[in-house]
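Trainee: Attaching a single structure in structure tokens format; questions to follow.
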Amino acid sequence: MMDRTYLKQKVIVIGFIGLILLVVGNFLPVIELSSKTIDYNKSFAFYRYEGRYILILAAFSFLLLFFKEAKASFLPMVAISVLLGYLVMNKSSVYTDCSSYKDMFSWGSGFYILLLGNILAYIAPIGMFLKEKITIKITRK
């Protein structure tokens, strides 16, 4: 039978990795504008806009995970998902700054890192909910 503390540690580590990716993704280009016809390249990082709130919520979730309250980190993660959804639905102030350049618009690497970080960060609270419900048995041969 697998030790529950071992599973808990793995889930918490994956949650920490997800939160670190959320922080890093804010500082990378989330939206990139580039044109092939004119020499124009510009990128927008999310931390100047609504990404500030993601940084604050990620820090709060990090503290909750650090103090072994993984279930409670679910609420800040929901708020982070809402902010990322706000960015994707083109209502973010980042997108407003780029609205006149729609033909040159593309998602940057920071956007994909934010999505990956959000998914990984959810593993910690969901894993803690499931840990109480499921017992994993490993048979050794």
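Identifiers in this document derive from the order of the structure tokens: chains are assigned A, B, ..., residues are numbered from 1 separately in each chain, and ligands are numbered from 1 in order of occurrence.
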Using only C-alpha atoms, which residues sit within 10 Å of region 41-56 of chain A once same-chain residues fewer than 5 positions away are excluded, as an NGL selection string?

Mentor: :A and (19-20 or 22-36 or 61-62 or 76-77 or 79-84 or 86-87 or 92-95 or 97-98 or 104-108 or 110-111 or 114)

Trainee: Please return as a list in words: the residues of region 17-46 of chain A that backbone DSSP assigns to helix (DSSP H, G or I).

Mentor: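 Residues meeting the helix (DSSP H, G or I) criterion: Ile17, Gly18, Leu19, Ile20, Leu21, Leu22, Val23, Val24, Gly25, Asn26, Phe27 and Phe46 of chain A.
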
Trainee: Taking only chain A into account, list the residues labelled strand (DSSP E) by DSSP (computed from the backbone), as a PyMOL selection string.

Mentor: chain A and resi 29-35+40-45+105-107

Trainee: I'd like to know which of A:Asn118, A:Ala124, A:Phe129, A:Gly85 is closest to Ser73 (chain A), using only C-alpha atoms.

Mentor: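 Smallest distance to Ser73 (chain A) is found for A:Ala124.
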
Trainee: Between CA of Ile113 (chain A) and CA of Ile17 (chain A), what is the distance in Å, rounded to a tenth?

Mentor: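 For CA of Ile113 (chain A) relative to CA of Ile17 (chain A), the distance reads 11.3 Å.
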
Trainee: Between A:Leu116, A:Ile123, A:Leu130, A:Ile12, which has the minimum distance to Phe67 (chain A) (counting only C-alpha atoms)?

Mentor: A:Ile12

Trainee: Find, counting only C-alpha atoms, the residue in A:Ala70, A:Val11, A:Gly117, A:Val78 that gets nearest to Leu57 (chain A).

Mentor: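 Smallest separation from Leu57 (chain A) among the options: A:Val78.
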
Trainee: Could you check which of A:Phe16, A:Ile126, A:Ala121, A:Gln9 is closest to Leu63 (chain A), using only C-alpha atoms?

Mentor: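 Of all the options, A:Phe16 lies closest to Leu63 (chain A).
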
Trainee: What is the distance between CA of Ala59 (chain A) and CA of Gly127 (chain A), in Å to one decimal?

Mentor: 19.6 Å

Trainee: What does the structure give for the distance between CA of Thr37 (chain A) and CA of Met89 (chain A), in Å to one decimal?

Mentor: 27.8 Å
